[in-house]
file entry-v1.csv (CSV, C-alpha atoms and all ligand atoms)
chain,number,residue,atom,x,y,z
S,1,MET,CA,106.2,129.0,91.7
S,2,ILE,CA,109.5,129.2,89.9
S,3,THR,CA,111.1,132.7,89.5
S,4,PHE,CA,114.0,133.6,87.2
S,5,ASP,CA,115.4,137.0,88.0
S,6,HIS,CA,118.1,138.2,85.6
S,7,LEU,CA,119.6,134.7,85.9
S,8,SER,CA,123.0,134.3,84.0
S,9,LYS,CA,125.8,131.8,83.9
S,10,ALA,CA,129.1,132.3,82.1
S,11,TYR,CA,131.8,129.7,81.5
S,12,ASN,CA,135.1,131.4,80.7
S,13,GLY,CA,133.4,134.6,79.9
S,14,VAL,CA,130.9,133.0,77.5
S,15,TYR,CA,127.3,133.2,78.6
S,16,ALA,CA,125.5,129.8,78.6
S,17,VAL,CA,122.5,131.4,80.2
S,18,ASP,CA,122.0,135.0,79.6
S,19,ASP,CA,119.6,137.2,81.7
S,20,LEU,CA,116.6,135.0,82.1
S,21,THR,CA,113.7,136.8,83.7
S,22,PHE,CA,110.3,135.2,84.0
S,23,GLU,CA,108.0,133.3,86.3
S,24,ILE,CA,106.3,129.9,86.1
S,25,PRO,CA,103.1,129.9,88.2
S,26,ASP,CA,101.8,127.0,90.3
S,27,GLY,CA,99.9,124.3,88.4
S,28,GLU,CA,101.7,125.1,85.2
S,29,ILE,CA,103.5,122.5,83.0
S,30,PHE,CA,106.3,124.6,81.5
S,31,GLY,CA,108.3,123.3,78.6
S,32,LEU,CA,111.8,124.7,78.3
S,33,LEU,CA,112.5,124.0,74.6
S,34,GLY,CA,115.8,124.5,72.7
S,35,PRO,CA,118.4,122.7,70.6
S,36,ASN,CA,121.5,121.1,72.1
S,37,GLY,CA,123.7,123.7,73.8
S,38,ALA,CA,120.9,126.3,74.2
S,39,GLY,CA,121.4,126.4,78.0
S,40,LYS,CA,118.6,124.1,79.3
S,41,SER,CA,120.8,121.9,81.5
S,42,THR,CA,122.7,124.9,82.8
S,43,THR,CA,119.4,126.6,83.8
S,44,ILE,CA,118.2,123.4,85.5
S,45,LEU,CA,121.5,123.0,87.4
S,46,MET,CA,121.1,126.5,88.8
S,47,LEU,CA,117.5,125.8,89.7
S,48,THR,CA,118.4,122.7,91.6
S,49,GLY,CA,121.3,124.4,93.4
S,50,LEU,CA,124.0,122.2,91.8
S,51,ILE,CA,125.8,125.2,90.3
S,52,GLU,CA,125.8,128.9,91.2
S,53,PRO,CA,124.8,131.7,88.9
S,54,THR,CA,127.3,134.2,87.7
S,55,ALA,CA,124.7,136.9,88.1
S,56,GLY,CA,121.0,137.1,89.0
S,57,ARG,CA,119.1,134.5,90.9
S,58,CYS,CA,116.4,131.9,90.8
S,59,LEU,CA,113.8,131.2,93.4
S,60,ILE,CA,111.4,128.4,94.3
S,61,ASP,CA,108.3,129.6,96.1
S,62,GLY,CA,110.1,132.8,96.9
S,63,ILE,CA,113.2,131.1,98.4
S,64,GLU,CA,116.5,131.9,96.7
S,65,VAL,CA,118.1,128.7,95.6
S,66,ALA,CA,121.8,129.7,95.9
S,67,LYS,CA,121.2,131.1,99.5
S,68,ASN,CA,119.0,128.2,100.8
S,69,PRO,CA,120.0,125.1,98.9
S,70,ILE,CA,118.8,122.6,101.6
S,71,GLU,CA,115.4,124.2,102.0
S,72,VAL,CA,114.9,124.3,98.3
S,73,LYS,CA,115.9,120.6,97.9
S,74,HIS,CA,113.0,119.7,100.1
S,75,ARG,CA,110.6,121.5,97.8
S,76,ILE,CA,111.8,120.1,94.5
S,77,GLY,CA,111.9,116.8,92.7
S,78,TYR,CA,114.5,116.5,90.0
S,79,MET,CA,115.0,113.9,87.4
S,80,PRO,CA,118.2,114.4,85.4
S,81,GLU,CA,118.7,113.0,81.9
S,82,ASP,CA,120.7,110.1,83.3
S,83,VAL,CA,119.3,109.0,86.7
S,84,GLY,CA,121.8,107.2,88.9
S,85,PHE,CA,120.5,104.2,90.8
S,86,TYR,CA,122.1,101.4,92.8
S,87,THR,CA,122.1,98.5,90.3
S,88,ASN,CA,122.3,95.8,92.9
S,89,LEU,CA,119.1,96.9,94.6
S,90,THR,CA,115.5,96.6,93.5
S,91,ALA,CA,113.3,99.6,92.6
S,92,GLY,CA,111.7,99.6,96.0
S,93,GLU,CA,115.1,99.3,97.8
S,94,ASN,CA,116.5,102.2,95.8
S,95,LEU,CA,113.5,104.4,96.6
S,96,ASP,CA,113.7,103.4,100.2
S,97,PHE,CA,117.4,104.6,100.3
S,98,PHE,CA,116.5,108.0,98.9
S,99,ALA,CA,113.4,108.3,101.1
S,100,ARG,CA,115.6,107.8,104.2
S,101,LEU,CA,117.7,110.7,103.0
S,102,TYR,CA,114.6,112.8,103.1
S,103,GLY,CA,114.1,111.7,106.7
S,104,MET,CA,110.8,109.9,106.1
S,105,ASP,CA,109.8,107.4,108.7
S,106,ALA,CA,109.3,103.7,107.9
S,107,ALA,CA,105.4,103.9,107.6
S,108,ALA,CA,105.6,107.0,105.4
S,109,ARG,CA,108.3,105.4,103.2
S,110,ASN,CA,106.4,102.2,102.7
S,111,SER,CA,103.1,103.7,101.7
S,112,ARG,CA,104.8,106.4,99.5
S,113,ILE,CA,107.0,103.8,97.7
S,114,ASP,CA,104.0,101.4,97.1
S,115,GLU,CA,102.0,104.3,95.7
S,116,LEU,CA,104.8,105.5,93.4
S,117,LEU,CA,105.8,102.1,92.1
S,118,SER,CA,102.2,101.5,91.1
S,119,LEU,CA,102.0,105.0,89.5
S,120,VAL,CA,105.0,104.3,87.2
S,121,ASN,CA,103.9,100.6,86.6
S,122,LEU,CA,106.9,99.0,88.4
S,123,ASP,CA,104.9,97.4,91.2
S,124,GLY,CA,105.6,93.7,91.5
S,125,VAL,CA,108.9,93.9,89.5
S,126,GLU,CA,111.4,92.0,91.7
S,127,LYS,CA,114.5,92.1,89.6
S,128,LEU,CA,117.5,94.3,90.4
S,129,VAL,CA,117.7,97.7,88.7
S,130,GLY,CA,120.9,96.6,87.0
S,131,GLY,CA,118.7,94.4,84.8
S,132,TYR,CA,116.3,97.2,83.9
S,133,SER,CA,115.8,98.6,80.4
S,134,LYS,CA,116.4,102.3,79.9
S,135,GLY,CA,112.7,103.0,79.8
S,136,MET,CA,112.2,101.2,83.2
S,137,ARG,CA,115.0,103.2,84.7
S,138,GLN,CA,113.4,106.4,83.4
S,139,ARG,CA,110.1,105.4,85.0
S,140,LEU,CA,111.9,104.8,88.2
S,141,GLY,CA,113.5,108.2,87.8
S,142,ILE,CA,110.0,109.8,87.7
S,143,ALA,CA,109.1,107.9,90.9
S,144,LYS,CA,112.3,109.1,92.6
S,145,ALA,CA,111.6,112.7,91.6
S,146,LEU,CA,108.1,112.5,93.2
S,147,LEU,CA,109.3,110.8,96.4
S,148,ASN,CA,109.3,113.8,98.7
S,149,ASP,CA,105.9,115.0,97.3
S,150,PRO,CA,107.6,118.1,95.9
S,151,ALA,CA,105.8,121.4,95.1
S,152,VAL,CA,108.1,121.8,92.1
S,153,ILE,CA,109.1,119.0,89.7
S,154,ILE,CA,112.0,119.4,87.3
S,155,LEU,CA,112.4,116.9,84.5
S,156,ASP,CA,115.3,116.9,82.1
S,157,GLU,CA,114.3,115.1,78.7
S,158,PRO,CA,111.9,112.9,80.6
S,159,THR,CA,110.6,110.9,77.6
S,160,ALA,CA,114.1,110.2,76.0
S,161,ASN,CA,114.0,106.5,76.7
S,162,LEU,CA,110.3,105.7,77.0
S,163,ASP,CA,108.3,103.5,74.7
S,164,PRO,CA,104.9,104.8,73.5
S,165,GLN,CA,103.0,103.3,76.5
S,166,GLY,CA,105.6,104.8,78.8
S,167,VAL,CA,105.2,108.2,77.2
S,168,ALA,CA,101.4,108.0,77.5
S,169,ASP,CA,101.7,107.0,81.2
S,170,TYR,CA,104.2,109.9,81.8
S,171,ARG,CA,101.9,112.4,80.2
S,172,LYS,CA,99.0,111.2,82.4
S,173,ILE,CA,101.2,111.4,85.6
S,174,ILE,CA,102.5,114.9,85.0
S,175,LYS,CA,99.1,116.3,83.9
S,176,GLN,CA,97.6,114.9,87.2
S,177,MET,CA,100.5,116.6,89.1
S,178,ALA,CA,99.6,119.9,87.6
S,179,VAL,CA,95.9,119.4,88.5
S,180,ASP,CA,97.2,118.8,92.1
S,181,GLY,CA,98.8,122.3,92.0
S,182,LYS,CA,102.4,121.3,91.4
S,183,THR,CA,104.7,123.4,89.2
S,184,ILE,CA,106.4,121.4,86.5
S,185,LEU,CA,109.4,122.3,84.4
S,186,VAL,CA,110.2,119.9,81.5
S,187,SER,CA,113.2,120.4,79.4
S,188,SER,CA,113.2,119.0,75.9
S,189,HIS,CA,114.5,119.5,72.4
S,190,ILE,CA,111.4,117.6,71.0
S,191,LEU,CA,108.9,120.2,69.9
S,192,SER,CA,106.0,117.8,69.5
S,193,GLU,CA,106.4,116.4,73.0
S,194,VAL,CA,106.5,119.8,74.6
S,195,SER,CA,103.5,121.1,72.5
S,196,LEU,CA,101.4,118.0,73.6
S,197,VAL,CA,102.0,118.1,77.3
S,198,CYS,CA,103.0,121.7,78.3
S,199,SER,CA,100.5,124.5,79.2
S,200,SER,CA,103.2,127.0,78.4
S,201,ILE,CA,106.5,127.0,76.5
S,202,GLY,CA,109.7,129.0,76.6
S,203,VAL,CA,112.1,128.8,73.7
S,204,LEU,CA,115.7,129.0,74.7
S,205,SER,CA,118.4,129.9,72.1
S,206,GLN,CA,122.0,130.6,72.9
S,207,GLY,CA,121.1,131.1,76.6
S,208,ARG,CA,118.4,133.6,75.9
S,209,LEU,CA,114.6,133.3,76.1
S,210,VAL,CA,113.6,134.2,72.6
S,211,ALA,CA,109.9,133.3,72.8
S,212,ARG,CA,107.4,132.5,75.4
S,213,GLY,CA,103.7,131.6,75.5
S,214,THR,CA,101.2,128.8,75.0
S,215,TRP,CA,101.7,126.6,72.0
S,216,LYS,CA,98.7,128.4,70.4
S,217,GLU,CA,100.2,131.8,71.1
S,218,LEU,CA,103.6,130.8,69.8
S,219,THR,CA,102.3,129.4,66.6
S,220,GLN,CA,100.1,132.4,66.0
S,221,THR,CA,103.0,134.7,66.5
S,222,PHE,CA,105.1,132.7,64.1
S,223,ASP,CA,102.3,132.7,61.6
S,224,ALA,CA,102.0,136.4,61.7
S,225,THR,CA,105.6,137.2,61.2
S,226,ARG,CA,108.0,137.0,58.4
S,227,LEU,CA,108.9,133.6,59.8
S,228,GLU,CA,106.5,131.9,57.5
S,229,GLN,CA,108.5,129.6,55.3
S,230,VAL,CA,108.2,127.8,52.1
S,231,LYS,CA,109.7,124.6,50.8
S,232,ILE,CA,110.7,124.3,47.2
S,233,LEU,CA,111.5,121.0,45.6
S,234,VAL,CA,113.8,121.1,42.6
S,235,GLU,CA,114.6,118.3,40.2
S,236,THR,CA,116.9,118.7,37.3
S,237,ARG,CA,118.3,116.6,34.4
S,238,ASP,CA,121.8,117.7,35.0
S,239,ALA,CA,123.7,118.5,38.2
S,240,MET,CA,122.5,121.9,39.6
S,241,PRO,CA,124.7,124.6,41.1
S,242,LYS,CA,124.4,125.6,44.8
S,243,PHE,CA,121.9,128.4,45.1
S,244,SER,CA,122.3,131.6,47.0
S,245,HIS,CA,119.6,134.1,47.7
S,246,PRO,CA,118.9,136.5,50.6
S,247,ASP,CA,115.7,134.6,51.5
S,248,LEU,CA,117.3,131.2,51.4
S,249,ILE,CA,117.4,129.5,54.8
S,250,ALA,CA,118.6,126.0,54.0
S,251,ALA,CA,119.3,123.8,51.0
S,252,GLU,CA,119.7,120.0,50.9
S,253,TYR,CA,121.1,118.5,47.7
S,254,THR,CA,120.8,114.8,46.8
S,255,ASN,CA,121.1,112.4,43.9
S,256,ASP,CA,124.4,113.9,42.6
S,257,ASN,CA,123.0,117.4,42.9
S,258,ARG,CA,120.0,116.6,40.7
S,259,GLU,CA,117.5,117.0,43.5
S,260,ALA,CA,117.2,119.6,46.1
S,261,VAL,CA,114.9,120.7,48.9
S,262,ILE,CA,115.1,124.4,49.4
S,263,THR,CA,113.7,126.1,52.6
S,264,ALA,CA,113.2,129.8,52.1
S,265,ARG,CA,111.5,132.8,53.6
S,266,SER,CA,109.6,133.5,50.4
S,267,ASP,CA,108.7,131.8,47.1
S,268,ILE,CA,112.0,132.1,45.3
S,269,ARG,CA,111.1,129.8,42.4
S,270,ASP,CA,111.7,132.5,39.8
S,271,ALA,CA,115.2,133.2,41.0
S,272,ILE,CA,116.0,129.5,41.1
S,273,ALA,CA,114.6,129.0,37.5
S,274,GLU,CA,116.7,132.0,36.3
S,275,THR,CA,119.9,130.5,37.9
S,276,LEU,CA,119.3,127.2,36.3
S,277,ARG,CA,118.6,128.7,32.9
S,278,ASP,CA,121.8,130.8,33.1
S,279,GLU,CA,123.8,127.6,33.9
S,280,GLY,CA,122.1,125.7,31.1
S,281,VAL,CA,120.6,123.2,33.5
S,282,MET,CA,117.3,121.6,32.4
S,283,ILE,CA,114.5,121.7,35.0
S,284,ARG,CA,112.4,118.6,35.5
S,285,GLN,CA,110.4,119.8,38.5
S,286,LEU,CA,110.1,123.0,40.5
S,287,SER,CA,107.3,122.7,43.1
S,288,PHE,CA,106.2,124.7,46.1
S,289,ASP,CA,105.1,123.5,49.5
S,290,ARG,CA,104.4,125.6,52.6
S,291,ALA,CA,106.5,124.5,55.6
S,292,THR,CA,104.6,123.3,58.6
S,293,ILE,CA,104.4,125.5,61.6
S,294,GLU,CA,106.5,122.9,63.4
S,295,GLU,CA,109.3,123.2,60.8
S,296,SER,CA,109.1,127.0,61.0
S,297,VAL,CA,109.4,127.1,64.8
S,298,LEU,CA,112.3,124.6,64.7
S,299,SER,CA,114.1,126.6,62.1
S,300,TYR,CA,113.3,129.8,64.0
S,301,TYR,CA,115.1,128.8,67.2
S,302,ASN,CA,117.8,126.8,65.5
S,303,THR,CA,119.0,129.9,63.7
S,304,GLY,CA,119.0,131.7,67.1
S,305,GLU,CA,117.0,134.5,65.6
S,306,GLU,CA,115.2,136.7,68.1
S,307,GLN,CA,111.7,137.9,68.0
S,308,ALA,CA,111.3,141.6,67.2
P,1,LIG,N1,131.0,123.0,82.7
P,1,LIG,C1,131.0,123.7,81.5
P,1,LIG,N2,132.1,124.3,81.1
P,1,LIG,C2,132.2,125.1,80.0
P,1,LIG,N3,131.1,125.2,79.2
P,1,LIG,C3,130.0,124.6,79.5
P,1,LIG,C4,129.8,123.8,80.7
P,1,LIG,N4,128.6,123.3,80.7
P,1,LIG,C5,127.9,123.8,79.6
P,1,LIG,N5,128.8,124.6,78.9
P,1,LIG,C6,128.4,125.3,77.6
P,1,LIG,O1,127.2,126.0,77.9
P,1,LIG,C7,126.4,126.0,76.8
P,1,LIG,C8,125.0,125.5,77.2
P,1,LIG,O2,125.1,124.1,77.5
P,1,LIG,P1,123.9,123.3,78.2
P,1,LIG,O3,124.4,121.9,78.5
P,1,LIG,O4,123.3,124.1,79.3
P,1,LIG,O5,122.8,123.2,76.9
P,1,LIG,P2,121.6,122.3,76.8
P,1,LIG,O6,120.5,123.1,76.1
P,1,LIG,O7,121.2,121.6,78.0
P,1,LIG,O8,122.1,121.2,75.7
P,1,LIG,P3,121.9,119.6,75.7
P,1,LIG,O9,120.5,119.4,75.3
P,1,LIG,O10,122.9,119.2,74.8
P,1,LIG,O11,122.2,119.2,77.1
P,1,LIG,C9,127.0,125.1,75.7
P,1,LIG,O12,127.7,125.9,74.8
P,1,LIG,C10,128.0,124.3,76.5
P,1,LIG,O13,129.1,123.9,75.7
call {"tool": "encode", "arguments": {"input": "entry-v1.csv", "output": "structure tokens"}}
result
Amino acid sequence: MITFDHLSKAYNGVYAVDDLTFEIPDGEIFGLLGPNGAGKSTTILMLTGLIEPTAGRCLIDGIEVAKNPIEVKHRIGYMPEDVGFYTNLTAGENLDFFARLYGMDAAARNSRIDELLSLVNLDGVEKLVGGYSKGMRQRLGIAKALLNDPAVIILDEPTANLDPQGVADYRKIIKQMAVDGKTILVSSHILSEVSLVCSSIGVLSQGRLVARGTWKELTQTFDATRLEQVKILVETRDAMPKFSHPDLIAAEYTNDNREAVITARSDIRDAIAETLRDEGVMIRQLSFDRATIEESVLSYYNTGEEQA
């Protein structure tokens, strides 16, 4: 189990992680979702004991990370975004090096390494890691994170470099880990990936947890609130002016300002038509399209808006 207890981290007085308090139970695949700079890496670095919190604490199976970093390291498997390996060694030799650091004896090392290389489809690959593709390195990173049979697995952007087959294999592996009772935290800015693989999701924005629940719960909440959005496509004969309206969220103008995609909180077509008429701009098309839930959720956390 992972516990965040008023966890905060400030850099030069600015909070990168701000008062996180929640728990991730055993057997859960939790997706920590948020745009660049939301505080995902800072949270993970505190969870793995690599940096210390400014306030609050995080615990792995009830053990406080900052106070017992060594004990915690034996319970977690961590895969950073860029995994470091010895490029002049094979996959097996790399894993053997790290397994020795965990104090595993030769028999345990050999059988665990064989098992993991086969799990990530790198068995029988003889070449040195220096010649690996990014996807192969990432798969080796997953194997490394599982080496010490950890109770808690922390993966930072795990599918960043994987091809479709690699992604499918990764999903199978971590789903099986959850069935085996492991707790898994996956950080990502890719909503679809998190929604497919995670049993529960937390949305991080500007260091704060702004939403939490299953994908179904989150989308139901978004549906029920004023976050429902519409997309309006505008096409004009002449260049159009830039619109402003209290319900306007974003506007993208193309084709020398003769086409625009407007995202808004409500159907503001009448206001758009009135502005165009006032400016003497001839309308060719003004159509309406409901934004997908995925677009609404993305826009929600990108604006850093908090749930009421
Ligand atoms: N060592 C540091 N010194 C100062 N500010 C930092 C430091 N590390 C992170 N930050 C700031 O803290 C905030 C959160 O950064 P963090 O890297 O945790 O976000 P993230 O969600 O992991 O983003 P990304 O996906 O880009 O890695 C950002 O504003 C970042 O600039």
call {"tool": "closest_residue", "arguments": {"input": "entry-v1.csv", "among": "S:Arg237, S:Lys231, S:Lys134, S:Lys73", "to": "Leu147 of chain S", "atoms": "all atoms listed in the file"}}
result
S:Lys73
call {"tool": "residues_near_ligand", "arguments": {"input": "entry-v1.csv", "ligand": "ligand LIG 1 (chain P)", "cutoff": "10 Å", "atoms": "only C-alpha atoms and all ligand atoms", "output": "MDAnalysis selection string"}}
result
chainID S and resid 9:17 32:45 51 81 156:157 187:189 204:207
call {"tool": "atom_distance", "arguments": {"input": "entry-v1.csv", "atom1": "atom CA of Lys182 of chain S", "atom2": "atom CA of Tyr132 of chain S"}}
result
28.8 Å
call {"tool": "residues_around", "arguments": {"input": "entry-v1.csv", "residues": "Gly62 of chain S", "least_positions_apart": "2", "cutoff": "8 Å", "atoms": "only C-alpha atoms", "output": "VMD selection string"}}
result
chain S and resid 1 to 3 59 to 60 64
call {"tool": "residues_around", "arguments": {"input": "entry-v1.csv", "residues": "Asp238 of chain S", "least_positions_apart": "5", "cutoff": "9 Å", "atoms": "all atoms listed in the file", "output": "MDAnalysis selection string"}}
result
chainID S and resid 256:258 280:283
call {"tool": "closest_residue", "arguments": {"input": "entry-v1.csv", "among": "S:Asp247, S:Ala239, S:Arg265, S:Leu162", "to": "Glu279 of chain S", "atoms": "only C-alpha atoms"}}
result
S:Ala239
call {"tool": "closest_residue", "arguments": {"input": "entry-v1.csv", "among": "S:Ile184, S:Ile154, S:Ile249, S:Ala160", "to": "Leu47 of chain S", "atoms": "only C-alpha atoms"}}
result
S:Ile154
call {"tool": "atom_distance", "arguments": {"input": "entry-v1.csv", "atom1": "atom CA of Tyr253 of chain S", "atom2": "atom CA of Leu286 of chain S"}}
result
13.9 Å
call {"tool": "atom_distance", "arguments": {"input": "entry-v1.csv", "atom1": "atom CA of Asp278 of chain S", "atom2": "atom CA of Met240 of chain S"}}
result
11.0 Å
call {"tool": "residues_near_point", "arguments": {"input": "entry-v1.csv", "point": "(107.8, 108.1, 100.2)", "cutoff": "12 Å", "atoms": "all atoms listed in the file", "output": "short mmCIF file (atom, residue, chain, number, x, y, z; two decimals) with C-alpha atoms, keeping the file's coordinate frame"}}
result
data_model
loop_
_atom_site.label_atom_id
_atom_site.label_comp_id
_atom_site.auth_asym_id
_atom_site.auth_seq_id
_atom_site.Cartn_x
_atom_site.Cartn_y
_atom_site.Cartn_z
CA GLY S 92 111.70 99.60 96.00
CA GLU S 93 115.10 99.30 97.80
CA ASN S 94 116.50 102.20 95.80
CA LEU S 95 113.50 104.40 96.60
CA ASP S 96 113.70 103.40 100.20
CA PHE S 97 117.40 104.60 100.30
CA PHE S 98 116.50 108.00 98.90
CA ALA S 99 113.40 108.30 101.10
CA ARG S 100 115.60 107.80 104.20
CA LEU S 101 117.70 110.70 103.00
CA TYR S 102 114.60 112.80 103.10
CA GLY S 103 114.10 111.70 106.70
CA MET S 104 110.80 109.90 106.10
CA ASP S 105 109.80 107.40 108.70
CA ALA S 106 109.30 103.70 107.90
CA ALA S 107 105.40 103.90 107.60
CA ALA S 108 105.60 107.00 105.40
CA ARG S 109 108.30 105.40 103.20
CA ASN S 110 106.40 102.20 102.70
CA SER S 111 103.10 103.70 101.70
CA ARG S 112 104.80 106.40 99.50
CA ILE S 113 107.00 103.80 97.70
CA ASP S 114 104.00 101.40 97.10
CA GLU S 115 102.00 104.30 95.70
CA LEU S 116 104.80 105.50 93.40
CA LEU S 117 105.80 102.10 92.10
CA ALA S 143 109.10 107.90 90.90
CA LYS S 144 112.30 109.10 92.60
CA ALA S 145 111.60 112.70 91.60
CA LEU S 146 108.10 112.50 93.20
CA LEU S 147 109.30 110.80 96.40
CA ASN S 148 109.30 113.80 98.70
CA ASP S 149 105.90 115.00 97.30
CA PRO S 150 107.60 118.10 95.90
#
call {"tool": "residues_around", "arguments": {"input": "entry-v1.csv", "residues": "Asp82 of chain S", "least_positions_apart": "4", "cutoff": "12 Å", "atoms": "all atoms listed in the file", "output": "PDB file with C-alpha atoms, keeping the file's coordinate frame"}}
result
ATOM      1  CA  SER S  41     120.800 121.900  81.500  1.00  0.00           C
ATOM      2  CA  TYR S  78     114.500 116.500  90.000  1.00  0.00           C
ATOM      3  CA  LYS S 134     116.400 102.300  79.900  1.00  0.00           C
ATOM      4  CA  GLY S 135     112.700 103.000  79.800  1.00  0.00           C
ATOM      5  CA  ARG S 137     115.000 103.200  84.700  1.00  0.00           C
ATOM      6  CA  GLN S 138     113.400 106.400  83.400  1.00  0.00           C
ATOM      7  CA  ARG S 139     110.100 105.400  85.000  1.00  0.00           C
ATOM      8  CA  LEU S 140     111.900 104.800  88.200  1.00  0.00           C
ATOM      9  CA  GLY S 141     113.500 108.200  87.800  1.00  0.00           C
ATOM     10  CA  ILE S 142     110.000 109.800  87.700  1.00  0.00           C
ATOM     11  CA  LEU S 155     112.400 116.900  84.500  1.00  0.00           C
ATOM     12  CA  ASP S 156     115.300 116.900  82.100  1.00  0.00           C
ATOM     13  CA  GLU S 157     114.300 115.100  78.700  1.00  0.00           C
ATOM     14  CA  PRO S 158     111.900 112.900  80.600  1.00  0.00           C
ATOM     15  CA  THR S 159     110.600 110.900  77.600  1.00  0.00           C
ATOM     16  CA  ALA S 160     114.100 110.200  76.000  1.00  0.00           C
ATOM     17  CA  ASN S 161     114.000 106.500  76.700  1.00  0.00           C
TER      18      ASN S 161
END
call {"tool": "closest_residue", "arguments": {"input": "entry-v1.csv", "among": "S:Ser266, S:Gln165, S:Gln176, S:Thr90", "to": "Asp123 of chain S", "atoms": "only C-alpha atoms"}}
result
S:Thr90
call {"tool": "closest_residue", "arguments": {"input": "entry-v1.csv", "among": "S:Thr236, S:Thr263, S:Thr254, S:Glu126", "to": "Leu276 of chain S", "atoms": "only C-alpha atoms"}}
result
S:Thr236
call {"tool": "residues_near_point", "arguments": {"input": "entry-v1.csv", "point": "(98.6, 123.7, 85.2)", "cutoff": "8 Å", "atoms": "only C-alpha atoms", "output": "number ranges by chain"}}
result
S: 26-29, 175, 178-179, 181-183, 199
call {"tool": "closest_residue", "arguments": {"input": "entry-v1.csv", "among": "S:Ser244, S:Leu209, S:Leu185, S:Trp215", "to": "Ile24 of chain S", "atoms": "all atoms listed in the file"}}
result
S:Leu185
call {"tool": "decode", "arguments": {"input": "entry-v1.csv", "residues": "segment 253-286 of chain S", "atoms": "C-alpha atoms", "output": "PDB file, in the first residue's frame"}}
result
ATOM      1  CA  TYR S 253      -7.531  30.052 -36.194  1.00  0.00           C
ATOM      2  CA  THR S 254      -6.228  28.736 -39.519  1.00  0.00           C
ATOM      3  CA  ASN S 255      -6.337  29.534 -43.253  1.00  0.00           C
ATOM      4  CA  ASP S 256      -5.553  33.241 -42.746  1.00  0.00           C
ATOM      5  CA  ASN S 257      -8.220  33.486 -40.054  1.00  0.00           C
ATOM      6  CA  ARG S 258     -10.926  32.188 -42.366  1.00  0.00           C
ATOM      7  CA  GLU S 259     -11.363  28.971 -40.380  1.00  0.00           C
ATOM      8  CA  ALA S 260     -11.551  28.465 -36.633  1.00  0.00           C
ATOM      9  CA  VAL S 261     -12.205  25.703 -34.132  1.00  0.00           C
ATOM     10  CA  ILE S 262     -13.717  27.173 -30.988  1.00  0.00           C
ATOM     11  CA  THR S 263     -13.922  25.189 -27.740  1.00  0.00           C
ATOM     12  CA  ALA S 264     -16.474  26.596 -25.330  1.00  0.00           C
ATOM     13  CA  ARG S 265     -18.425  25.754 -22.200  1.00  0.00           C
ATOM     14  CA  SER S 266     -21.725  26.357 -23.951  1.00  0.00           C
ATOM     15  CA  ASP S 267     -23.152  26.729 -27.416  1.00  0.00           C
ATOM     16  CA  ILE S 268     -22.015  30.287 -28.225  1.00  0.00           C
ATOM     17  CA  ARG S 269     -22.903  30.197 -31.936  1.00  0.00           C
ATOM     18  CA  ASP S 270     -25.340  33.111 -31.607  1.00  0.00           C
ATOM     19  CA  ALA S 271     -22.652  35.325 -30.064  1.00  0.00           C
ATOM     20  CA  ILE S 272     -20.166  34.318 -32.776  1.00  0.00           C
ATOM     21  CA  ALA S 273     -22.694  35.047 -35.531  1.00  0.00           C
ATOM     22  CA  GLU S 274     -23.445  38.448 -34.006  1.00  0.00           C
ATOM     23  CA  THR S 275     -19.737  39.386 -33.843  1.00  0.00           C
ATOM     24  CA  LEU S 276     -19.232  38.342 -37.467  1.00  0.00           C
ATOM     25  CA  ARG S 277     -22.299  40.273 -38.589  1.00  0.00           C
ATOM     26  CA  ASP S 278     -21.115  43.414 -36.722  1.00  0.00           C
ATOM     27  CA  GLU S 279     -17.724  43.123 -38.437  1.00  0.00           C
ATOM     28  CA  GLY S 280     -19.322  42.554 -41.847  1.00  0.00           C
ATOM     29  CA  VAL S 281     -17.739  39.114 -42.226  1.00  0.00           C
ATOM     30  CA  MET S 282     -19.694  36.640 -44.351  1.00  0.00           C
ATOM     31  CA  ILE S 283     -20.268  33.236 -42.726  1.00  0.00           C
ATOM     32  CA  ARG S 284     -19.814  30.078 -44.787  1.00  0.00           C
ATOM     33  CA  GLN S 285     -20.255  27.545 -41.998  1.00  0.00           C
ATOM     34  CA  LEU S 286     -21.066  27.608 -38.295  1.00  0.00           C
TER      35      LEU S 286
END
